[in-house]
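**Student:** Input: one structure, supplied below.
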Amino acid sequence: MVDWSICSIRPVHAGFDAGIFYFKMANNYIATAHPSALVKFSAFGHFVNDKQQHLLTVKSRSLELFALEGEELVELKKLPIPCTVTGFWSFRPKNHGKDVVVVLSRGNELAVFELMSDLVNGIKIQTRWTGKFPAPEELKMEPLAVFHPEQRFMCLALYAQRLEIVEFSADLKTLKCFPIRYPSTDGSRILGMDFLSRPGSAASDSMLAVLQTTRLGHSLAFCNLNIKTKEKEKPVSTYSKLDPEVSLMLAIPGNDVVPPGAIAIGNSTIQYSNTSKQPVSVASPFLTKIVVTAHCVLFKDPVTGVISYLLGGADGRLVLVVVRLNTKPSPAPLTSDAKWKACRINVEFIGVATAAQTLTVVGHGLVYLGAATGPVSLLIKLREASRNPETKFYYDILQTFTGLGSILELHVVRNVEKQSLEQASLLAVTADTFGKGLTIVRNSINLQDPVDVPVSGMQKAWVTSSPESAGTTSRTFVLSDFTSTCCCTLDKDDFCETDPGGDLILTSRTILFHQLSDSLCLQVISSAVRLLKWPQFELVQEWRMENLAITVASLLKHVLVVANGRTIHMLHITSNAILPLRTHTCTNEICALELFADHAGDQFIATGEWITSNVSIIQCSTMALIQENIQPTGDVLPRSLMFCRFSEEISYFFVGRGDGNVDYFIFDETNKEMTEHKRIPLGTRLVTFIKFRAQGQVNVFACSDRPSVISCRNGKLLFSNVNIRDAVDVCPFEVTGDLSSSDDLMVVRESSISMGHLEDIQKIHFIPQHLGFQVFRLSLDAESPTVAAIGDKKDCRSNKFAIHKSPECVDERLLYILDRHSFEIITTFQSADAMDCLSCLCHWRVAGRSFLVVGTETERQIPDRTEKKGDGLEKKWNGHLIVLELINDKLQIIYTYTTTEESVRNVASYGDLLLAATDNALLTFEWLGHQLDEPNRLETGGSLNCHLDVVDDTVMLGDVQKSVVLAKFNSTTRAFEVTATDYTNYSFVSLMQRNNQTVMGGDDRGNLMVLATKKSENGEGDLGNQQALEPTSWISFGDPVTSIKRGSLVSPESIGDVSVRIVDSFVFGTSKGQLGIIFELEDDVFKLLKHIEAHLINQTQSLGAMDLASSLRFNGRLMEQSHAGFVDGDLLKLARDMRSSELEAVLGSFKLAPENANVKNPSLDVGFVQKILDDLSRLH
């Protein structure tokens, strides 16, 4: 957990007076730290042009476009959509060369759009039509919708007795909406709908298959929708003998003999019926307890009536269902014992993959499988006959798309991995079909497998290469300290100093060394510039100036610039000579130098001066000053300059200051000037830059006491912390002329040299741990070298063929003790009672001993064999508290306590007390030295208390009936007393305490809320002096938030000073694998950010012309209000890209206080506000 109080926080803007404002609600900044990689919808078609097909996927807040090249999907574009998509379809309009997309978002907003591509703007969205669907006010649930691609209309099931029809015009620019009444019985609910295709149907009517549930069971009905008369005709037929566990209905088109119908997928069964009431039923073990989450049509022949579906189950099963309609007419009359059947149904087991949310055919036998819970989406190729020899499945994996799976639980920890610098990490418990349900999440870059050599005092390092070392692990390095130079050789792990011989100067500090070619190298020392043969180090020519010492130097290809005092000398290096070109005299002495060139090849010199700290730009062709004082005077000295062209379009210029700050600019190559100045603190000591390549891209390593890697992704700079302490210099293992290079680096530190492989350069790293079992609950103790986890039976999922046959083995729960760093299994524990299911656990330190407490709940009712009532047995629900101790790597049971007629749902420690949340009470235990004392029982009035959290002296309980209770510890009675309650049924799936008066939680509809205590009006009655919990802040984040913890991914040591004070920090995870952060801000900064957010909401379109504000609005049955108390950090990222003039105009209308208040509103500096936005972005 990150303690923000130890950060060095700068005061807020001088115009802000924090004493003016009073706390009313929590001021929350919420943003995405890692977007979801799980796919909600996908479609394949001609979206960009009529020549090439593309795959379009929908994630939580983005659209991603892929091109199919051979048997590989290549990502082309990612388009952000800050709204929650609830429906997604594609179709080809008549006389149109491309496919268009229909999107239904939360709040019943519809959009019809197509993707446009041009050379200037690339791929972008062009809206054909958008608008809000006229749903009644009482509708608070997402509608069930189906789309008819041929007739261009949608049918939405809003509630029991109404279908809404949305009909699109031929040009897709207008639509008509009208309701059709759908009579139904009381208690009925539509589970699924689909349109049927039938020969000879009129354009004005369509047949709809409806799967619905009633109090009498499930039924399948077929009815005609007449679009012309806007009414539903009487049902053609109804089939009511369906499996009560039906999870899916699929349409089956008809042929000349058999009319259209549908199949219903149930537990081990498939049932078919059609409009002529010709039922067919088959059973298959491959469908045992299946819950279908995705399906797609693999093959359809309307002439022969053959259609095949690929089904994806929630447990990862892939099943092929083939329906063959009968082509021979039925006998007349059809008798009950006739052998004629309307169709034949075959079910084949294809294999097991990740649980699918969407299945899409992208080519012959190629299927894209979008993950439902994660963590991997797949591109697979179905095998026609033989199985894969390794997996024994009927498919091959062609491509994987990794991400973070559905998050079940988060834990903020420190130093999970053994590294040199203390860092904050997350342990994420995620859903995973194949037993990789534990992932380390951190935002720093590690130097993997480092080799440390104890060498102190070195300041610079350069690597060389030779034809003899090609293809070997041998490397020769030139190293320099303040007074001398040496040569060293690295061969595998053997690092030793060698005698270079020749004319290489070793008795002086080397300012610059560079290998020009396979036969030449250059050494710059304070007294001379020396051209040497390589690798003999024989002197070719020397350039020097009497009584003048070189202080800095910079090289670009074969042009060298050096500075001595105020004078710059420009030299040309040939194969056998050093030729002077030009000189320039500056006003002050030079302390930093950088030679660079623009796209046209024009060369420039950037200079940093002592005394004034100015940075100026000189054009080499004329040695004329073209830009002076690009940074205001009176600042800290510039000690390092770096020009970097990250891509053809983006060039940046960096200035490293002596105090650890870095200024950076965009280089305008048209006007030849530095623009858009920004500053970021990367350390507390001087910063130097080294350019290197990794993963085929140019990056900049910023050396300081807190090293960072500067990279450019999607046109934006990313500053990634490196998990190394005190980097003085970095030397990439580059080979001359090799543009790809390796990711191996030598890091020069104050007392050693570290060599290793740099991780992928990205903001957040995920390190999955292959445990072999699915983790459900986790417990960590800061002082313990182990981690405790509750999971299913190890390797029970490796026998993938048995998943659909023996689900009982997956239901078993074991306790695992894992090594904190390697996550290897030390020992396991399983309850002796086969009926017990391990449900929760916690560490408990008491009386000098470290216990592990496990709670159990009975999944099945246990018959009481001692008392019989009538002809049956009385059934009870029991739970246990098992106190364990790890002794010599073995778990030993110390004591077991049984809770009668209630299960243990959660446990936690509070000092020397043990807290257990049962079905409807809070139990408080003391340790008597050998057993648990009889508990103090607090009745909460709830049911199944799944949430338990302790902060200071207050405990929070939350139950499945959605009530929340706060109770405070009374030290006199040593018991908890209820202080606040909430019974408003917000349907929380995650809850945590922010303090003893505030609770934060996420509900099942994607809302995030903060509840705070408030005195009841009468102060009497059942509540007495208790307080009520009422919402003070709320926002819709899209996906349900499943876990919230106090802490951050960013360590205070790696942040440095920031311009805004963080009151508190939280991290959260969602059901779609999304990670986010919440910062509690002070009131003045929050008001400023809300003002900017309001401008962006008015100016930004969510998708087409959809209302962006509605996507943030609270989504629920209890209220429908605009978000309050939260500011959207994802939206504020757009403000970072605003031009200074535009942002200045927005700030001009900002009022910190009302006009009638006796408070002067501050005039805000644009640079200061940009720094606030940049600092907040760095913190996640």
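Residue names in the structure tokens use chain letters A, B, ... in the order shown, residue numbers from 1 in each chain, and ligand numbers from 1 in the order shown.
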Neighbours of region 1003-1010 of chain A within 7 Å (only C-alpha atoms; same-chain residues fewer than 4 positions away dropped), as a PyMOL selection string?
**Tutor:** chain A and resi 986-990+998-999+1031-1041+1114-1116
**Student:** Skipping near chain neighbours, those fewer than 2 positions away, what residues fall within 12 Å of Asp635 (chain A) using only C-alpha atoms, listed as a list in words?
**Tutor:**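 Everything that qualifies: Gly608, Glu609, Trp610, Ile611, Thr612, Ser613, Asn614, Val615, Asn629, Ile630, Gln631, Pro632, Thr633, Leu637, Pro638, Arg639, Val655, Gly656, Arg657, Gly658, Asp659, Asn661, Val662 and Asp663 of chain A.
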**Student:** Taking C-alpha atoms for each residue, export the selection above as a compact mmCIF listing (two decimals), in the first residue's frame.
**Tutor:**
# COMPACT_ATOMS: atom_id res chain seq x y z
CA GLY A 608 22.90 25.13 -23.11
CA GLU A 609 24.70 27.95 -21.30
CA TRP A 610 26.12 28.28 -17.78
CA ILE A 611 25.26 31.61 -16.02
CA THR A 612 21.93 32.23 -17.85
CA SER A 613 20.78 28.57 -18.16
CA ASN A 614 19.52 29.50 -21.65
CA VAL A 615 18.96 26.91 -24.37
CA ASN A 629 16.08 31.40 -24.88
CA ILE A 630 13.59 28.63 -25.66
CA GLN A 631 13.40 28.17 -21.87
CA PRO A 632 12.91 31.14 -19.49
CA THR A 633 16.07 32.37 -17.79
CA LEU A 637 21.41 24.61 -15.48
CA PRO A 638 20.73 22.40 -18.53
CA ARG A 639 23.14 19.47 -18.20
CA VAL A 655 16.43 19.35 -21.82
CA GLY A 656 17.73 17.61 -18.70
CA ARG A 657 18.19 19.93 -15.73
CA GLY A 658 20.56 19.61 -12.83
CA ASP A 659 17.69 19.28 -10.32
CA ASN A 661 13.47 18.20 -14.06
CA VAL A 662 13.09 17.54 -17.77
CA ASP A 663 11.75 20.13 -20.21
**Student:** One decimal, in Å: what's the spacing between CA of Met755 (chain A) and CA of Ser720 (chain A)?
**Tutor:**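 Those two atoms sit 19.0 Å apart.
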**Student:** Compare A:Trp462, A:Trp340, A:Tyr394, A:Phe719 by their minimum atom-to-atom distance to Thr476 (chain A), counting only C-alpha atoms, and give me the closest one.
**Tutor:** A:Trp462
**Student:** Quick one: residues within 7 Å of Asn443 (chain A), only C-alpha atoms counted, chain neighbours fewer than 6 positions away excluded, as a list in words?
**Tutor:**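 So, after excluding close chain neighbours, the residues are Lys763, Ile764, His765, Leu1049 and Val1050 of chain A.
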**Student:** Measuring between only C-alpha atoms, which one of A:Pro260, A:Tyr368, A:Leu886, A:Tyr182 shows the shortest distance to Lys230 (chain A)?
**Tutor:** A:Tyr182
**Student:** Using only C-alpha atoms, determine which residues lie at most 7 Å from region 285-301 of chain A, disregarding the query and same-chain residues fewer than 4 positions distant; provide the list as a compact mmCIF listing (two decimals) with C-alpha atoms, in the first residue's frame.
**Tutor:**
# COMPACT_ATOMS: atom_id res chain seq x y z
CA SER A 247 -29.63 -21.23 -22.17
CA LEU A 248 -29.87 -20.37 -25.87
CA ASN A 267 -28.63 -29.29 -20.19
CA SER A 268 -27.44 -32.25 -22.32
CA THR A 269 -30.25 -31.72 -24.83
CA GLY A 305 -31.34 -27.01 -45.46
CA VAL A 306 -28.02 -27.73 -43.75
CA ILE A 307 -26.77 -25.32 -41.11
CA SER A 308 -23.95 -25.73 -38.62
CA TYR A 309 -23.34 -23.67 -35.49
CA LEU A 310 -20.19 -23.42 -33.39
CA LEU A 311 -21.07 -22.98 -29.70
CA GLY A 312 -18.79 -21.61 -27.00
CA GLY A 313 -19.48 -22.43 -23.36
CA ALA A 314 -18.73 -20.52 -20.17
CA PHE A 349 -16.94 -31.95 -29.38
CA ALA A 356 -15.80 -17.03 -25.49
CA GLN A 357 -17.92 -13.89 -25.45
CA THR A 358 -18.07 -13.77 -29.24
CA LEU A 359 -17.32 -16.14 -32.12
CA THR A 360 -16.82 -14.78 -35.64
CA VAL A 361 -15.91 -16.60 -38.86
CA HIS A 804 -17.92 -31.48 -19.58
**Student:** Using only C-alpha atoms, which of A:Gly457, A:Pro935, A:Pro259, A:Gly437 sits nearest Gln769 (chain A)?
**Tutor:** A:Gly437
**Student:** Quick one: distance from CA of Val103 (chain A) to CA of Thr86 (chain A) in Å, one decimal?
**Tutor:**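 The value is 7.7 Å.
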**Student:** Out of region 347-538 of chain A, which residues get strand (DSSP E) from DSSP, as a ChimeraX atom specification?
**Tutor:** /A:347-352,356-363,366-371,376-382,395-402,407-414,424-430,438-442,447-453,460-464,474-480,485-491,494-498,510-515,520-525,529-533
**Student:** Generate the output file for the selected residues, C-alpha atoms, as a tab-separated table (two decimals), in the first residue's frame.
**Tutor:**
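Contents of part-v3.tsv, as written:
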chain	number	residue	atom	x	y	z
A	347	VAL	CA	-23.30	-32.76	-31.86
A	348	GLU	CA	-19.50	-32.94	-32.00
A	349	PHE	CA	-16.94	-31.95	-29.38
A	350	ILE	CA	-14.30	-29.66	-30.92
A	351	GLY	CA	-12.17	-28.96	-27.85
A	352	VAL	CA	-11.65	-26.54	-24.99
A	356	ALA	CA	-15.80	-17.03	-25.49
A	357	GLN	CA	-17.92	-13.89	-25.45
A	358	THR	CA	-18.07	-13.77	-29.24
A	359	LEU	CA	-17.32	-16.14	-32.12
A	360	THR	CA	-16.82	-14.78	-35.64
A	361	VAL	CA	-15.91	-16.60	-38.86
A	362	VAL	CA	-13.12	-14.63	-40.61
A	363	GLY	CA	-12.23	-17.05	-43.39
A	366	LEU	CA	-10.85	-19.55	-39.44
A	367	VAL	CA	-12.73	-18.43	-36.35
A	368	TYR	CA	-11.98	-15.47	-34.09
A	369	LEU	CA	-12.72	-16.28	-30.46
A	370	GLY	CA	-13.16	-13.16	-28.32
A	371	ALA	CA	-12.60	-13.88	-24.63
A	376	VAL	CA	-6.63	-14.72	-24.08
A	377	SER	CA	-8.58	-14.16	-27.29
A	378	LEU	CA	-7.71	-16.56	-30.09
A	379	LEU	CA	-7.67	-16.97	-33.84
A	380	ILE	CA	-8.19	-20.67	-34.47
A	381	LYS	CA	-8.40	-22.89	-37.54
A	382	LEU	CA	-10.80	-25.81	-37.43
A	395	TYR	CA	-8.57	-27.01	-34.01
A	396	ASP	CA	-5.18	-25.30	-34.19
A	397	ILE	CA	-4.32	-21.99	-32.52
A	398	LEU	CA	-2.96	-19.57	-35.11
A	399	GLN	CA	-2.75	-16.40	-33.04
A	400	THR	CA	-3.26	-15.28	-29.45
A	401	PHE	CA	-4.27	-11.85	-28.11
A	402	THR	CA	-3.31	-11.66	-24.46
A	407	ILE	CA	-10.68	-9.53	-12.09
A	408	LEU	CA	-12.00	-11.33	-9.04
A	409	GLU	CA	-9.80	-9.76	-6.37
A	410	LEU	CA	-6.96	-7.24	-6.05
A	411	HIS	CA	-4.18	-6.94	-3.48
A	412	VAL	CA	-1.72	-4.04	-3.25
A	413	VAL	CA	1.71	-5.32	-2.21
A	414	ARG	CA	5.33	-4.21	-2.13
A	424	ALA	CA	4.45	-1.16	-5.67
A	425	SER	CA	2.65	-4.02	-7.38
A	426	LEU	CA	-0.77	-5.55	-7.63
A	427	LEU	CA	-1.61	-9.19	-7.24
A	428	ALA	CA	-4.67	-9.67	-9.42
A	429	VAL	CA	-6.83	-12.75	-9.00
A	430	THR	CA	-8.35	-13.25	-12.43
A	438	LEU	CA	-2.85	-14.98	-10.56
A	439	THR	CA	-1.06	-12.07	-12.20
A	440	ILE	CA	1.54	-9.62	-10.92
A	441	VAL	CA	0.78	-6.12	-12.19
A	442	ARG	CA	3.35	-3.32	-11.96
A	447	LEU	CA	16.16	-5.21	-16.12
A	448	GLN	CA	15.73	-8.95	-16.41
A	449	ASP	CA	18.40	-11.43	-15.31
A	450	PRO	CA	20.86	-8.65	-14.37
A	451	VAL	CA	24.57	-9.36	-13.97
A	452	ASP	CA	26.19	-6.95	-11.50
A	453	VAL	CA	29.91	-6.12	-11.62
A	460	LYS	CA	30.31	6.88	-19.24
A	461	ALA	CA	30.34	3.65	-21.24
A	462	TRP	CA	30.43	2.81	-24.94
A	463	VAL	CA	30.21	-0.57	-26.69
A	464	THR	CA	32.21	-1.62	-29.75
A	474	SER	CA	31.77	-11.24	-26.73
A	475	ARG	CA	31.59	-7.45	-26.36
A	476	THR	CA	34.30	-4.82	-25.83
A	477	PHE	CA	33.46	-1.72	-23.79
A	478	VAL	CA	35.22	1.59	-23.30
A	479	LEU	CA	34.53	3.07	-19.85
A	480	SER	CA	35.53	6.40	-18.38
A	485	THR	CA	39.64	5.58	-19.34
A	486	CYS	CA	39.74	1.78	-19.51
A	487	CYS	CA	38.72	-1.10	-21.80
A	488	CYS	CA	36.75	-4.12	-20.63
A	489	THR	CA	35.57	-7.31	-22.30
A	490	LEU	CA	32.32	-9.12	-21.62
A	491	ASP	CA	32.03	-12.78	-22.67
A	494	ASP	CA	32.81	-12.98	-17.58
A	495	PHE	CA	33.59	-9.27	-17.34
A	496	CYS	CA	37.25	-8.26	-17.11
A	497	GLU	CA	39.53	-5.32	-17.87
A	498	THR	CA	41.85	-5.65	-20.85
A	510	THR	CA	36.92	10.37	-22.38
A	511	ILE	CA	34.13	12.81	-23.23
A	512	LEU	CA	32.90	10.88	-26.29
A	513	PHE	CA	33.84	7.60	-27.93
A	514	HIS	CA	32.22	6.24	-31.07
A	515	GLN	CA	32.97	3.45	-33.52
A	520	LEU	CA	37.67	3.50	-37.56
A	521	CYS	CA	36.77	4.90	-34.16
A	522	LEU	CA	36.77	8.33	-32.56
A	523	GLN	CA	37.92	9.39	-29.10
A	524	VAL	CA	37.26	12.89	-27.72
A	525	ILE	CA	39.22	13.90	-24.63
A	529	VAL	CA	39.91	14.89	-30.94
A	530	ARG	CA	41.59	11.64	-32.02
A	531	LEU	CA	40.77	9.50	-35.08
A	532	LEU	CA	41.93	5.91	-34.52
A	533	LYS	CA	42.05	2.67	-36.43
**Student:** Out of A:Phe1066, A:Phe222, A:Phe1086, A:Phe1168, which residue has the shortest atom-to-atom distance to Ser237 (chain A) when counting only C-alpha atoms?
**Tutor:**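 For Ser237 (chain A), the nearest of the candidates is A:Phe222.
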**Student:** Return the single residue from A:His34, A:Arg813, A:Arg713, A:His569 that is closest to Cys840 (chain A), with distances computed using only C-alpha atoms.
**Tutor:**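 Ranking A:His34, A:Arg813, A:Arg713, A:His569 by distance to Cys840 (chain A), first place goes to A:Arg813.
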**Student:** Quick one: residues within 12 Å of Ser839 (chain A), only C-alpha atoms counted, chain neighbours fewer than 2 positions away excluded, as a ChimeraX atom specification?
**Tutor:** /A:775-778,789-792,811-815,831,836-837,841-842,853-859,879-882,903-907,916-918,946
**Student:** Using only C-alpha atoms, which residues sit within 7 Å of region 44-51 of chain A once same-chain residues fewer than 3 positions away are excluded, as a list in words?
**Tutor:**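 Neighbouring residues, sequence-local ones excluded: His54, Leu55, Leu56, Gly97, Lys98, Asp99, Val100, Glu114, Leu115, Met116, Ser117, Thr360 and Val362 of chain A.
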**Student:** Just N, CA and C atoms for this one: save the residues we selected as a short mmCIF file (atom, residue, chain, number, x, y, z; two decimals), in the first residue's frame.
**Tutor:**
data_model
loop_
_atom_site.label_atom_id
_atom_site.label_comp_id
_atom_site.auth_asym_id
_atom_site.auth_seq_id
_atom_site.Cartn_x
_atom_site.Cartn_y
_atom_site.Cartn_z
N HIS A 54 -12.38 -6.97 -43.13
CA HIS A 54 -11.72 -6.65 -41.87
C HIS A 54 -12.54 -7.21 -40.71
N LEU A 55 -11.85 -7.42 -39.61
CA LEU A 55 -12.50 -7.82 -38.36
C LEU A 55 -12.63 -6.57 -37.49
N LEU A 56 -13.83 -6.34 -36.99
CA LEU A 56 -14.10 -5.21 -36.11
C LEU A 56 -14.52 -5.76 -34.75
N GLY A 97 -21.49 -0.37 -51.38
CA GLY A 97 -20.30 -1.19 -51.57
C GLY A 97 -19.64 -1.66 -50.29
N LYS A 98 -20.08 -1.16 -49.14
CA LYS A 98 -19.45 -1.52 -47.88
C LYS A 98 -20.52 -1.92 -46.86
N ASP A 99 -20.01 -2.57 -45.80
CA ASP A 99 -20.88 -2.90 -44.68
C ASP A 99 -20.93 -1.71 -43.72
N VAL A 100 -22.09 -1.51 -43.15
CA VAL A 100 -22.25 -0.48 -42.13
C VAL A 100 -22.53 -1.16 -40.80
N GLU A 114 -20.35 4.14 -40.63
CA GLU A 114 -19.44 3.39 -41.47
C GLU A 114 -18.03 3.94 -41.29
N LEU A 115 -17.04 3.14 -41.63
CA LEU A 115 -15.65 3.54 -41.49
C LEU A 115 -15.17 4.12 -42.81
N MET A 116 -14.56 5.31 -42.73
CA MET A 116 -14.03 5.98 -43.90
C MET A 116 -12.50 6.02 -43.79
N SER A 117 -11.84 5.95 -44.93
CA SER A 117 -10.38 5.94 -44.95
C SER A 117 -9.88 6.92 -45.99
N THR A 360 -16.62 -15.38 -34.33
CA THR A 360 -16.82 -14.78 -35.64
C THR A 360 -15.99 -15.53 -36.67
N VAL A 362 -13.89 -15.63 -39.87
CA VAL A 362 -13.12 -14.63 -40.61
C VAL A 362 -12.49 -15.21 -41.87
#
**Student:** Considering only C-alpha atoms, return as a PyMOL selection string whatever protein or nucleic-acid residues lie within 8 Å of Leu884 (chain A), sequence-local ones (same chain, fewer than 4 positions apart) excluded.
**Tutor:** chain A and resi 851-854+891-895
